[in-house]
$ cat start-v4.csv   # CSV, C-alpha atoms and all ligand atoms
chain,number,residue,atom,x,y,z
A,849,MET,CA,68.6,-30.3,-81.6
A,850,ASN,CA,71.5,-31.0,-84.0
A,851,TRP,CA,74.3,-32.9,-82.3
A,852,GLN,CA,77.4,-32.7,-84.4
A,853,GLY,CA,81.1,-33.0,-84.0
A,854,ILE,CA,83.3,-34.8,-81.4
A,855,LEU,CA,84.4,-33.4,-78.0
A,856,VAL,CA,87.5,-34.8,-76.3
A,857,TYR,CA,87.9,-34.2,-72.6
A,858,ALA,CA,91.6,-33.4,-72.1
A,859,GLU,CA,92.6,-34.6,-68.7
A,860,ASN,CA,94.6,-32.1,-66.8
A,861,TYR,CA,94.5,-32.1,-63.0
A,862,SER,CA,98.2,-32.0,-62.4
A,863,GLY,CA,99.4,-29.2,-64.8
A,864,SER,CA,100.0,-31.4,-67.8
A,865,ILE,CA,97.6,-33.0,-70.3
A,866,ASN,CA,97.9,-36.8,-70.3
A,867,ARG,CA,98.9,-38.6,-73.5
A,868,ALA,CA,95.6,-40.6,-73.6
A,869,SER,CA,93.8,-37.3,-74.4
A,870,PHE,CA,96.0,-36.8,-77.4
A,871,GLU,CA,95.3,-40.3,-78.6
A,872,LEU,CA,91.6,-39.6,-78.4
A,873,LEU,CA,92.1,-36.5,-80.5
A,874,GLY,CA,93.8,-38.6,-83.2
A,875,LYS,CA,90.8,-40.9,-83.2
A,876,ALA,CA,88.4,-38.0,-83.3
A,877,ARG,CA,90.2,-36.7,-86.4
A,878,GLU,CA,89.8,-40.1,-88.0
A,879,LEU,CA,86.1,-40.3,-87.2
A,880,ILE,CA,85.1,-36.7,-87.9
A,881,PRO,CA,84.5,-37.0,-91.7
A,882,LYS,CA,81.8,-39.5,-91.0
A,883,VAL,CA,80.3,-37.6,-88.0
A,884,GLY,CA,80.4,-34.1,-89.4
A,885,GLY,CA,81.2,-30.9,-87.6
A,886,ASP,CA,84.3,-30.0,-85.6
A,887,VAL,CA,86.7,-31.7,-83.3
A,888,TYR,CA,86.5,-30.0,-80.0
A,889,ALA,CA,88.8,-30.4,-77.0
A,890,THR,CA,88.0,-29.1,-73.6
A,891,VAL,CA,90.5,-28.5,-70.8
A,892,VAL,CA,90.4,-27.1,-67.3
A,893,THR,CA,93.7,-25.3,-66.6
A,894,ASN,CA,95.3,-22.4,-64.8
A,895,LYS,CA,95.7,-18.9,-66.4
A,896,GLU,CA,99.4,-19.4,-67.1
A,897,SER,CA,98.9,-22.6,-69.1
A,898,VAL,CA,96.0,-21.5,-71.3
A,899,GLU,CA,98.2,-20.8,-74.4
A,900,ARG,CA,100.5,-23.8,-74.0
A,901,HIS,CA,97.6,-26.3,-73.5
A,902,SER,CA,95.5,-24.8,-76.3
A,903,LYS,CA,98.4,-25.0,-78.8
A,904,GLU,CA,99.1,-28.6,-77.8
A,905,LEU,CA,95.5,-29.6,-78.3
A,906,VAL,CA,95.2,-27.9,-81.7
A,907,ALA,CA,98.5,-29.5,-82.7
A,908,PHE,CA,97.2,-32.9,-81.8
A,909,GLY,CA,93.9,-32.4,-83.8
A,910,ALA,CA,91.4,-30.1,-82.2
A,911,ASP,CA,89.7,-27.5,-84.4
A,912,LYS,CA,88.3,-25.7,-81.3
A,913,VAL,CA,89.5,-25.7,-77.7
A,914,ILE,CA,87.1,-24.8,-75.0
A,915,VAL,CA,89.1,-23.6,-72.0
A,916,TYR,CA,88.1,-23.2,-68.4
A,917,THR,CA,90.6,-21.3,-66.3
A,918,VAL,CA,90.7,-22.0,-62.5
A,919,GLU,CA,92.9,-21.2,-59.6
A,920,GLU,CA,95.8,-23.7,-59.3
A,921,MET,CA,94.2,-25.1,-56.1
A,922,LEU,CA,91.0,-26.1,-57.9
A,923,LEU,CA,92.8,-28.0,-60.6
A,924,PRO,CA,92.6,-31.4,-58.9
A,925,ASN,CA,89.0,-30.8,-57.9
A,926,PRO,CA,86.7,-33.3,-59.7
A,927,VAL,CA,83.6,-31.2,-59.0
A,928,VAL,CA,85.1,-28.4,-61.1
A,929,HIS,CA,85.9,-30.7,-64.0
A,930,ARG,CA,82.4,-32.2,-63.9
A,931,VAL,CA,80.8,-28.8,-64.2
A,932,ALA,CA,83.3,-27.7,-66.9
A,933,LEU,CA,82.6,-30.8,-69.0
A,934,ILE,CA,78.8,-30.4,-68.7
A,935,ASN,CA,79.2,-26.8,-69.7
A,936,ALA,CA,81.4,-27.7,-72.7
A,937,ILE,CA,78.9,-30.3,-73.8
A,938,SER,CA,76.0,-27.8,-73.6
A,939,TYR,CA,78.1,-25.3,-75.6
A,940,ALA,CA,79.4,-27.6,-78.4
A,941,LYS,CA,76.5,-30.1,-78.5
A,942,PRO,CA,78.8,-32.9,-79.8
A,943,ARG,CA,77.5,-36.1,-81.2
A,944,LEU,CA,80.3,-38.0,-79.4
A,945,VAL,CA,82.2,-37.3,-76.2
A,946,LEU,CA,85.5,-39.1,-75.6
A,947,VAL,CA,87.1,-39.3,-72.2
A,948,PRO,CA,90.3,-41.2,-71.3
A,949,ALA,CA,89.5,-44.3,-69.2
A,950,THR,CA,92.1,-43.4,-66.6
A,951,PRO,CA,91.2,-43.4,-62.9
A,952,TRP,CA,90.5,-39.7,-63.2
A,953,GLY,CA,88.5,-39.9,-66.4
A,954,ARG,CA,86.5,-42.9,-65.1
A,955,SER,CA,85.6,-40.8,-62.1
A,956,ILE,CA,84.5,-37.6,-64.1
A,957,ALA,CA,82.7,-39.2,-67.1
A,958,PRO,CA,79.9,-41.1,-65.3
A,959,ARG,CA,79.1,-38.1,-63.1
A,960,VAL,CA,78.6,-36.0,-66.3
A,961,ALA,CA,76.6,-38.7,-68.1
A,962,ALA,CA,74.3,-39.0,-65.1
A,963,ALA,CA,73.9,-35.2,-64.8
A,964,ILE,CA,72.9,-34.7,-68.5
A,965,GLY,CA,70.9,-37.9,-68.7
A,966,THR,CA,72.8,-39.7,-71.4
A,967,GLY,CA,74.3,-43.2,-71.6
A,968,ILE,CA,77.9,-44.0,-71.2
A,969,THR,CA,80.0,-46.9,-72.4
A,970,ALA,CA,83.0,-47.4,-70.1
A,971,ASP,CA,86.4,-48.8,-70.9
A,972,CYS,CA,86.1,-49.0,-74.7
A,973,LEU,CA,88.7,-50.7,-76.9
A,974,ASP,CA,87.4,-49.0,-80.1
A,975,VAL,CA,84.8,-46.6,-81.4
A,976,TYR,CA,83.6,-46.6,-85.0
A,977,ILE,CA,80.8,-45.3,-87.3
A,978,ASP,CA,78.7,-48.0,-88.9
A,979,GLU,CA,77.0,-48.1,-92.3
A,980,ASN,CA,74.0,-46.3,-90.8
A,981,GLY,CA,76.2,-43.5,-89.5
A,982,ASP,CA,75.7,-44.6,-85.9
A,983,VAL,CA,78.5,-44.4,-83.4
A,984,VAL,CA,79.4,-47.9,-82.2
A,985,GLN,CA,81.4,-48.5,-79.0
A,986,VAL,CA,83.4,-51.7,-78.6
A,987,ARG,CA,84.3,-53.2,-75.2
A,988,PRO,CA,84.7,-56.5,-73.5
A,989,ALA,CA,81.5,-57.8,-71.8
A,990,PHE,CA,80.4,-60.8,-69.7
A,991,THR,CA,83.7,-61.1,-67.9
A,992,GLY,CA,85.7,-60.6,-71.1
A,993,ASN,CA,84.3,-63.6,-72.8
A,994,ILE,CA,82.7,-61.6,-75.6
A,995,ILE,CA,83.3,-58.3,-77.3
A,996,ALA,CA,80.2,-56.1,-77.3
A,997,HIS,CA,79.4,-53.6,-80.0
A,998,ILE,CA,77.2,-51.0,-78.3
A,999,LYS,CA,75.0,-48.1,-79.5
A,1000,THR,CA,73.9,-45.4,-77.2
A,1001,LEU,CA,70.4,-44.2,-78.0
A,1002,THR,CA,70.6,-40.8,-76.3
A,1003,ASN,CA,72.7,-37.8,-77.2
A,1004,PRO,CA,75.5,-37.2,-76.8
A,1005,VAL,CA,77.1,-40.6,-77.0
A,1006,MET,CA,79.7,-40.8,-74.2
A,1007,ALA,CA,82.6,-43.2,-74.0
A,1008,THR,CA,85.6,-43.7,-71.9
A,1009,VAL,CA,88.5,-45.3,-73.9
A,1010,ARG,CA,91.5,-47.2,-72.6
A,1011,PRO,CA,94.8,-45.4,-72.8
A,1012,GLY,CA,97.1,-46.9,-75.4
A,1013,VAL,CA,94.4,-48.4,-77.7
A,1014,PHE,CA,94.7,-45.7,-80.3
A,1015,PRO,CA,98.1,-44.5,-81.6
A,1016,LEU,CA,99.5,-41.2,-80.6
A,1017,PRO,CA,99.1,-38.8,-83.5
A,1018,GLN,CA,102.0,-36.8,-84.8
A,1019,PRO,CA,101.5,-33.2,-83.5
A,1020,ARG,CA,101.5,-30.5,-86.1
A,1021,TYR,CA,102.3,-27.2,-84.5
A,1022,ASP,CA,101.4,-25.3,-87.7
A,1023,ARG,CA,97.7,-26.3,-87.4
A,1024,LYS,CA,95.3,-23.4,-86.7
A,1025,GLY,CA,92.5,-23.7,-84.3
A,1026,GLU,CA,90.1,-21.5,-82.3
A,1027,VAL,CA,90.3,-21.0,-78.6
A,1028,ILE,CA,87.1,-20.4,-76.7
A,1029,VAL,CA,87.7,-19.3,-73.1
A,1030,ARG,CA,84.6,-19.9,-71.0
A,1031,ASP,CA,83.8,-19.2,-67.4
A,1032,VAL,CA,82.6,-21.9,-65.1
A,1033,SER,CA,81.0,-21.1,-61.8
A,1034,VAL,CA,81.1,-24.0,-59.4
A,1035,PRO,CA,78.9,-23.1,-56.5
A,1036,ASN,CA,79.5,-26.4,-54.8
A,1037,ALA,CA,83.3,-26.7,-55.4
A,1038,ASP,CA,83.7,-26.6,-51.6
A,1039,SER,CA,81.8,-29.9,-51.3
A,1040,VAL,CA,85.0,-31.6,-52.2
A,1041,LYS,CA,88.2,-30.8,-50.3
A,1042,VAL,CA,91.3,-32.0,-52.1
A,1043,LEU,CA,93.7,-33.0,-49.3
A,1044,GLY,CA,96.6,-33.5,-51.7
A,1045,VAL,CA,97.6,-35.2,-54.9
A,1046,SER,CA,99.5,-38.5,-54.5
A,1047,LYS,CA,103.2,-38.1,-55.5
A,1048,LYS,CA,103.4,-41.8,-56.3
A,1049,LYS,CA,104.6,-41.9,-59.9
A,1050,ALA,CA,102.0,-43.6,-62.0
A,1051,VAL,CA,103.1,-46.6,-64.0
A,1052,LYS,CA,102.3,-45.9,-67.7
A,1053,LEU,CA,102.7,-49.3,-69.3
A,1054,SER,CA,100.9,-48.0,-72.4
A,1055,GLU,CA,103.8,-45.7,-73.1
A,1056,ALA,CA,106.6,-48.2,-72.4
A,1057,GLU,CA,108.9,-49.1,-75.3
A,1058,VAL,CA,110.3,-52.3,-73.7
A,1059,ILE,CA,108.2,-54.5,-71.3
A,1060,VAL,CA,109.3,-57.5,-69.3
A,1061,ALA,CA,106.1,-59.3,-68.2
A,1062,ILE,CA,106.0,-62.1,-65.7
A,1063,GLY,CA,103.3,-64.7,-65.1
A,1064,ARG,CA,102.5,-67.6,-62.9
A,1065,GLY,CA,105.8,-69.2,-63.9
A,1066,VAL,CA,107.1,-67.1,-61.0
A,1067,LYS,CA,106.9,-69.2,-57.9
A,1068,SER,CA,106.9,-66.7,-55.0
A,1069,LYS,CA,106.5,-63.0,-54.2
A,1070,GLU,CA,110.2,-62.8,-53.2
A,1071,ASP,CA,111.2,-64.1,-56.7
A,1072,VAL,CA,109.7,-61.0,-58.3
A,1073,LYS,CA,112.9,-59.1,-57.3
A,1074,LEU,CA,114.9,-61.1,-59.8
A,1075,PHE,CA,112.7,-60.0,-62.7
A,1076,GLU,CA,112.5,-56.5,-61.4
A,1077,GLU,CA,116.3,-56.5,-61.7
A,1078,LEU,CA,116.2,-57.9,-65.2
A,1079,ALA,CA,113.7,-55.2,-66.3
A,1080,LYS,CA,115.9,-52.5,-64.8
A,1081,ALA,CA,118.9,-53.8,-66.6
A,1082,LEU,CA,117.0,-53.8,-69.9
A,1083,LYS,CA,115.6,-50.3,-69.2
A,1084,ALA,CA,112.2,-51.9,-69.4
A,1085,GLN,CA,109.0,-51.6,-67.4
A,1086,LEU,CA,108.0,-54.6,-65.4
A,1087,ALA,CA,104.5,-55.9,-66.1
A,1088,CYS,CA,102.5,-59.0,-65.2
A,1089,SER,CA,99.6,-61.3,-65.9
A,1090,ARG,CA,96.5,-61.0,-63.7
A,1091,PRO,CA,97.1,-63.8,-61.3
A,1092,LEU,CA,100.2,-62.0,-59.9
A,1093,VAL,CA,98.0,-59.0,-59.1
A,1094,ASP,CA,95.2,-61.2,-57.6
A,1095,MET,CA,97.8,-62.8,-55.3
A,1096,GLY,CA,99.0,-59.4,-54.2
A,1097,TRP,CA,102.5,-59.8,-55.6
A,1098,MET,CA,102.2,-56.9,-58.1
A,1099,GLU,CA,100.3,-53.6,-58.2
A,1100,ARG,CA,97.2,-53.5,-60.4
A,1101,ASP,CA,98.7,-50.8,-62.6
A,1102,ARG,CA,101.3,-53.3,-63.8
A,1103,GLN,CA,98.7,-55.8,-65.2
A,1104,VAL,CA,98.5,-56.3,-68.9
A,1105,GLY,CA,95.3,-57.5,-70.6
A,1106,PHE,CA,91.5,-57.1,-70.9
A,1107,SER,CA,91.1,-55.9,-67.4
A,1108,GLY,CA,94.6,-54.2,-67.2
A,1109,SER,CA,96.6,-52.1,-69.6
A,1110,ILE,CA,96.7,-52.3,-73.4
A,1111,VAL,CA,100.3,-52.1,-74.5
A,1112,LYS,CA,102.2,-51.8,-77.8
A,1113,PRO,CA,105.9,-51.7,-76.9
A,1114,LYS,CA,108.7,-52.3,-79.4
A,1115,LEU,CA,109.7,-55.3,-77.4
A,1116,TYR,CA,107.5,-57.5,-75.1
A,1117,ILE,CA,109.2,-60.3,-73.2
A,1118,ALA,CA,106.7,-62.7,-71.7
A,1119,LEU,CA,108.2,-64.8,-68.9
A,1120,GLY,CA,106.2,-67.8,-67.7
A,1121,ILE,CA,102.9,-66.5,-69.2
A,1122,SER,CA,100.7,-69.0,-70.9
A,1123,GLY,CA,98.9,-66.6,-73.2
A,1124,ALA,CA,95.2,-66.7,-72.2
A,1125,PRO,CA,93.0,-64.7,-74.5
A,1126,GLN,CA,92.5,-62.0,-71.8
A,1127,HIS,CA,96.3,-61.5,-71.6
A,1128,ILE,CA,96.9,-61.7,-75.4
A,1129,ALA,CA,94.2,-59.0,-75.9
A,1130,GLY,CA,96.5,-56.5,-74.0
A,1131,MET,CA,99.8,-57.2,-75.8
A,1132,LYS,CA,99.2,-58.7,-79.2
A,1133,ASP,CA,100.0,-55.5,-81.0
A,1134,SER,CA,103.5,-55.3,-79.6
A,1135,LYS,CA,106.1,-55.0,-82.4
A,1136,TYR,CA,108.3,-57.9,-81.3
A,1137,ILE,CA,107.3,-60.6,-78.8
A,1138,ILE,CA,109.7,-63.0,-77.1
A,1139,ALA,CA,108.1,-65.7,-75.0
A,1140,VAL,CA,110.0,-67.8,-72.5
A,1141,ASN,CA,108.2,-70.9,-71.4
A,1142,ILE,CA,108.8,-74.5,-70.4
A,1143,ASP,CA,105.8,-75.6,-72.4
A,1144,GLN,CA,106.2,-75.4,-76.2
A,1145,SER,CA,102.4,-75.8,-76.7
A,1146,ALA,CA,101.6,-72.8,-74.6
A,1147,PRO,CA,99.2,-70.5,-76.6
A,1148,ILE,CA,101.6,-67.6,-76.3
A,1149,VAL,CA,103.9,-69.4,-78.7
A,1150,LYS,CA,101.8,-68.7,-81.7
A,1151,TYR,CA,101.8,-65.0,-81.0
A,1152,SER,CA,105.5,-64.7,-80.5
A,1153,ASP,CA,108.3,-63.7,-82.9
A,1154,LEU,CA,110.9,-65.6,-80.8
A,1155,VAL,CA,110.2,-68.5,-78.4
A,1156,VAL,CA,112.7,-69.7,-75.9
A,1157,ILE,CA,111.8,-73.1,-74.4
A,1158,GLY,CA,113.4,-73.0,-71.0
A,1159,ASP,CA,113.1,-72.1,-67.3
A,1160,ILE,CA,112.5,-68.4,-66.7
A,1161,TYR,CA,114.8,-68.3,-63.6
A,1162,ASP,CA,117.6,-69.9,-65.5
A,1163,ILE,CA,117.2,-67.5,-68.5
A,1164,ALA,CA,116.7,-64.4,-66.4
A,1165,LYS,CA,119.9,-65.1,-64.4
A,1166,LYS,CA,122.0,-65.8,-67.5
A,1167,LEU,CA,120.6,-62.7,-69.2
A,1168,LEU,CA,121.4,-60.6,-66.2
A,1169,HIS,CA,124.9,-62.0,-65.9
A,1170,ALA,CA,125.5,-61.2,-69.6
A,1171,LEU,CA,124.1,-57.7,-69.3
A,1172,LYS,CA,126.2,-57.0,-66.2
A,1173,SER,CA,129.3,-58.3,-67.9
A,1174,SER,CA,128.5,-56.1,-70.9
A,1175,GLN,CA,128.3,-58.9,-73.3
A,1176,PHE,CA,125.3,-57.1,-74.9
B,1201,LIG,C1,87.1,-61.4,-66.7
B,1201,LIG,C2,88.5,-61.8,-66.8
B,1201,LIG,C3,89.5,-60.9,-67.1
B,1201,LIG,C4,90.8,-61.2,-67.1
B,1201,LIG,N1,91.7,-60.3,-67.4
B,1201,LIG,C5,93.0,-60.6,-67.5
B,1201,LIG,C6,94.0,-59.6,-67.8
B,1201,LIG,O1,93.7,-58.4,-68.0
B,1201,LIG,N2,95.3,-60.0,-67.9
B,1201,LIG,C7,95.7,-61.3,-67.7
B,1201,LIG,O2,96.9,-61.6,-67.7
B,1201,LIG,N3,94.8,-62.3,-67.3
B,1201,LIG,C8,93.5,-61.9,-67.2
B,1201,LIG,N4,92.6,-62.9,-66.9
B,1201,LIG,C9,93.1,-64.2,-66.4
B,1201,LIG,C10,93.4,-65.1,-67.6
B,1201,LIG,O3,92.3,-65.8,-68.0
B,1201,LIG,C11,94.5,-66.1,-67.2
B,1201,LIG,O4,94.1,-66.9,-66.1
B,1201,LIG,C12,95.8,-65.5,-66.9
B,1201,LIG,O5,96.2,-64.6,-67.9
B,1201,LIG,C13,96.9,-66.6,-66.7
B,1201,LIG,O6,98.1,-66.0,-66.3
B,1201,LIG,P1,99.5,-66.8,-66.5
B,1201,LIG,O7,99.7,-66.9,-68.0
B,1201,LIG,O8,100.5,-66.0,-65.8
B,1201,LIG,O9,99.3,-68.1,-65.8
B,1201,LIG,P2,99.1,-69.6,-66.3
B,1201,LIG,O10,98.1,-69.7,-67.3
B,1201,LIG,O11,99.1,-70.5,-65.1
B,1201,LIG,O12,100.5,-69.9,-67.1
B,1201,LIG,C14,101.7,-70.0,-66.5
B,1201,LIG,C15,102.7,-70.3,-67.6
B,1201,LIG,O13,104.0,-70.4,-67.1
B,1201,LIG,C16,104.7,-71.5,-67.6
B,1201,LIG,N5,105.8,-71.8,-66.6
B,1201,LIG,C17,105.6,-72.3,-65.4
B,1201,LIG,N6,106.8,-72.4,-64.8
B,1201,LIG,C18,107.7,-72.0,-65.6
B,1201,LIG,C19,109.1,-71.8,-65.6
B,1201,LIG,N7,109.8,-72.1,-64.5
B,1201,LIG,N8,109.8,-71.3,-66.7
B,1201,LIG,C20,109.1,-71.0,-67.8
B,1201,LIG,N9,107.8,-71.1,-67.9
B,1201,LIG,C21,107.1,-71.6,-66.8
B,1201,LIG,C22,103.7,-72.5,-67.8
B,1201,LIG,O14,104.1,-73.5,-68.8
B,1201,LIG,C23,102.5,-71.7,-68.2
B,1201,LIG,O15,102.5,-71.5,-69.7
B,1201,LIG,C24,91.2,-62.6,-66.9
B,1201,LIG,C25,90.3,-63.5,-66.6
B,1201,LIG,C26,88.9,-63.2,-66.6
B,1201,LIG,C27,87.9,-64.2,-66.3

$ encode --input "start-v4.csv" --output "structure tokens"
Amino acid sequence: MNWQGILVYAENYSGSINRASFELLGKARELIPKVGGDVYATVVTNKESVERHSKELVAFGADKVIVYTVEEMLLPNPVVHRVALINAISYAKPRLVLVPATPWGRSIAPRVAAAIGTGITADCLDVYIDENGDVVQVRPAFTGNIIAHIKTLTNPVMATVRPGVFPLPQPRYDRKGEVIVRDVSVPNADSVKVLGVSKKKAVKLSEAEVIVAIGRGVKSKEDVKLFEELAKALKAQLACSRPLVDMGWMERDRQVGFSGSIVKPKLYIALGISGAPQHIAGMKDSKYIIAVNIDQSAPIVKYSDLVVIGDIYDIAKKLLHALKSSQF
């Protein structure tokens, strides 16, 4: 069988396709000259959104969009998405399948890989084609101490990729693409009963333009409020290093790093963060980095554009005061 092209699973369980799917389309366009074939996107959607979603996916880089229409109530049903993605793979026979490594994508992709008997590399930070023409998947391994370059020996190659690691391509709404509407019958859709979709607004650090990140320089859970206030005043997202999550002071979706989010904001302000490699891996591509630390030999210093040697409490309070009295 000739496996060709790249298939991107466009995540849509809530009525809108998430940004990470578009990032993957950008990467697929970059890789396709070396892979050959077409860039496919597949999406599960309701009837009303077929045109809107197809146009979006073509604009972001798909040559062909494989659409599965379902009743609105089946949209957040993972069994339906699993069957649809298996069907899209058997239709397109792609060499590579890319899925966003979001909680939803991480739940769908392994079920599909297991069903079709192929390997999957989860949580990749990059994908490239080597000199032999093989797809290579890059991800941290052995508790993040090494970066593994992995080849899957079965077809198709399946990878989930962290949101934010690839840039968002510029959409081109004048691009032309083909829309293929396919039916999906899901005999066991009833095996999952979706009780509701959480209304909690997900924190999307990978999309933030300004981030205030706090680390172990913060002394207690109560003190987090001060930095929350500072982030709000700067219209920034509050993020953190891993120890604050481990201590239960911050939610996991606010962690930056290897085992958290990869971020590339215009401005990253690191307050009381030493700059361990696992943290740096998640924020080193920020445009402008400001570090505030009492220790001028902290590793983060060499990654920063501006370093303020001082106490984070003192500086946060002064900054807040200045912001409030409109001196900025
Ligand atoms: C498998 C694995 C995965 C990991 N993944 C991640 C990850 O995704 N993200 C992550 O962040 N970490 C991760 N880690 C943990 C990482 O190795 C570090 O332990 C962690 O990043 C350290 O966090 P920190 O910089 O906040 O704390 P510390 O290293 O303790 O640094 C605290 C800093 O605050 C400064 N400081 C203290 N008080 C003040 C003050 N009053 N004012 C100013 N500065 C002050 C200190 O000088 C110091 O530089 C991972 C570890 C492993 C093993």

$ closest_atom_pairs --input "start-v4.csv" --of "chain A" --to "ligand LIG 1201 (chain B)" --cutoff "6 Å" --atoms "all atoms listed in the file" --output "JSON lines"
{"residue": "A:Thr991", "atom": "CA", "partner": "B:LIG1201", "partner_atom": "C1", "distance": 3.6}
{"residue": "A:Gly992", "atom": "CA", "partner": "B:LIG1201", "partner_atom": "C1", "distance": 4.7}
{"residue": "A:Gly1063", "atom": "CA", "partner": "B:LIG1201", "partner_atom": "O8", "distance": 3.2}
{"residue": "A:Arg1064", "atom": "CA", "partner": "B:LIG1201", "partner_atom": "O8", "distance": 3.9}
{"residue": "A:Gly1065", "atom": "CA", "partner": "B:LIG1201", "partner_atom": "C17", "distance": 3.4}
{"residue": "A:Ser1089", "atom": "CA", "partner": "B:LIG1201", "partner_atom": "O2", "distance": 3.3}
{"residue": "A:Arg1090", "atom": "CA", "partner": "B:LIG1201", "partner_atom": "O2", "distance": 4.1}
{"residue": "A:Pro1091", "atom": "CA", "partner": "B:LIG1201", "partner_atom": "O6", "distance": 5.6}
{"residue": "A:Val1104", "atom": "CA", "partner": "B:LIG1201", "partner_atom": "N2", "distance": 5.0}
{"residue": "A:Gly1105", "atom": "CA", "partner": "B:LIG1201", "partner_atom": "O1", "distance": 3.2}
{"residue": "A:Phe1106", "atom": "CA", "partner": "B:LIG1201", "partner_atom": "O1", "distance": 3.9}
{"residue": "A:Ser1107", "atom": "CA", "partner": "B:LIG1201", "partner_atom": "O1", "distance": 3.7}
{"residue": "A:Gly1108", "atom": "CA", "partner": "B:LIG1201", "partner_atom": "O1", "distance": 4.4}
{"residue": "A:Gly1120", "atom": "CA", "partner": "B:LIG1201", "partner_atom": "O13", "distance": 3.5}
{"residue": "A:Ile1121", "atom": "CA", "partner": "B:LIG1201", "partner_atom": "O7", "distance": 3.4}
{"residue": "A:Ser1122", "atom": "CA", "partner": "B:LIG1201", "partner_atom": "O15", "distance": 3.3}
{"residue": "A:Gly1123", "atom": "CA", "partner": "B:LIG1201", "partner_atom": "O7", "distance": 5.3}
{"residue": "A:Ala1124", "atom": "CA", "partner": "B:LIG1201", "partner_atom": "O5", "distance": 4.9}
{"residue": "A:Gln1126", "atom": "CA", "partner": "B:LIG1201", "partner_atom": "C5", "distance": 4.5}
{"residue": "A:His1127", "atom": "CA", "partner": "B:LIG1201", "partner_atom": "O2", "distance": 3.9}
{"residue": "A:Val1140", "atom": "CA", "partner": "B:LIG1201", "partner_atom": "C20", "distance": 5.8}
{"residue": "A:Asn1141", "atom": "CA", "partner": "B:LIG1201", "partner_atom": "N9", "distance": 3.5}
{"residue": "A:Ile1142", "atom": "CA", "partner": "B:LIG1201", "partner_atom": "N9", "distance": 4.3}
{"residue": "A:Asp1143", "atom": "CA", "partner": "B:LIG1201", "partner_atom": "O14", "distance": 4.5}
{"residue": "A:Ala1146", "atom": "CA", "partner": "B:LIG1201", "partner_atom": "O15", "distance": 5.1}
{"residue": "A:Gly1158", "atom": "CA", "partner": "B:LIG1201", "partner_atom": "C20", "distance": 5.7}
{"residue": "A:Asp1159", "atom": "CA", "partner": "B:LIG1201", "partner_atom": "N8", "distance": 3.4}
{"residue": "A:Ile1160", "atom": "CA", "partner": "B:LIG1201", "partner_atom": "N8", "distance": 4.0}

$ residues_around --input "start-v4.csv" --residues "range 1034-1039 of chain A" --least-positions-apart "2" --cutoff "8 Å" --atoms "all atoms listed in the file" --output "PyMOL selection string"
chain A and resi 925+927-928+931+1032+1041

$ atom_distance --input "start-v4.csv" --atom1 "CA of Leu1001 in chain A" --atom2 "CA of Arg867 in chain A"
29.4 Å

$ residues_around --input "start-v4.csv" --residues "Ile865 in chain A" --least-positions-apart "4" --cutoff "9 Å" --atoms "only C-alpha atoms" --output "VMD selection string"
chain A and resid 858 to 861 869 to 870 891 901 904 to 905

$ closest_residue --input "start-v4.csv" --among "A:Ser1109, A:Ser864, A:Asn850, A:Thr966" --to "Val945 in chain A" --atoms "only C-alpha atoms"
A:Thr966

$ residues_around --input "start-v4.csv" --residues "Arg1102 in chain A" --least-positions-apart "5" --cutoff "10 Å" --atoms "all atoms listed in the file" --output "list in words"
Ala1050, Val1051, Lys1052, Leu1053, Ala1061, Gln1085, Leu1086, Ala1087, Cys1088, Ser1089, Arg1090, Leu1092, Val1093, Gly1108 and Ser1109 of chain A

$ atom_distance --input "start-v4.csv" --atom1 "CA of Pro948 in chain A" --atom2 "CA of Ala1007 in chain A"
8.4 Å

$ residues_around --input "start-v4.csv" --residues "Ile995 in chain A" --least-positions-apart "6" --cutoff "10 Å" --atoms "all atoms listed in the file" --output "list in words"
Leu973, Val986, Arg987, Pro988 and Ala989 of chain A

$ write_last_selection --input "start-v4.csv" --atoms "C-alpha atoms" --output "compact mmCIF listing (two decimals), in the frame of the given file"
# COMPACT_ATOMS: atom_id res chain seq x y z
CA LEU A 973 88.70 -50.70 -76.90
CA VAL A 986 83.40 -51.70 -78.60
CA ARG A 987 84.30 -53.20 -75.20
CA PRO A 988 84.70 -56.50 -73.50
CA ALA A 989 81.50 -57.80 -71.80

$ residues_around --input "start-v4.csv" --residues "Val856 in chain A" --least-positions-apart "6" --cutoff "8 Å" --atoms "only C-alpha atoms" --output "short mmCIF file (atom, residue, chain, number, x, y, z; two decimals) with C-alpha atoms, keeping the file's coordinate frame"
data_model
loop_
_atom_site.label_atom_id
_atom_site.label_comp_id
_atom_site.auth_asym_id
_atom_site.auth_seq_id
_atom_site.Cartn_x
_atom_site.Cartn_y
_atom_site.Cartn_z
CA SER A 869 93.80 -37.30 -74.40
CA LEU A 872 91.60 -39.60 -78.40
CA LEU A 873 92.10 -36.50 -80.50
CA ALA A 876 88.40 -38.00 -83.30
CA VAL A 887 86.70 -31.70 -83.30
CA TYR A 888 86.50 -30.00 -80.00
CA ALA A 889 88.80 -30.40 -77.00
CA THR A 890 88.00 -29.10 -73.60
CA VAL A 945 82.20 -37.30 -76.20
CA LEU A 946 85.50 -39.10 -75.60
CA VAL A 947 87.10 -39.30 -72.20
#

$ closest_residue --input "start-v4.csv" --among "A:Met1006, A:Leu923, A:Leu1167, A:Ala1139" --to "Val1155 in chain A" --atoms "only C-alpha atoms"
A:Ala1139

$ closest_residue --input "start-v4.csv" --among "A:Ile977, A:Met921, A:Gly965, A:Val1060" --to "Pro881 in chain A" --atoms "all atoms listed in the file"
A:Ile977

$ closest_residue --input "start-v4.csv" --among "A:Lys1067, A:Arg959, A:Tyr857, A:Thr969" --to "Glu871 in chain A" --atoms "all atoms listed in the file"
A:Tyr857
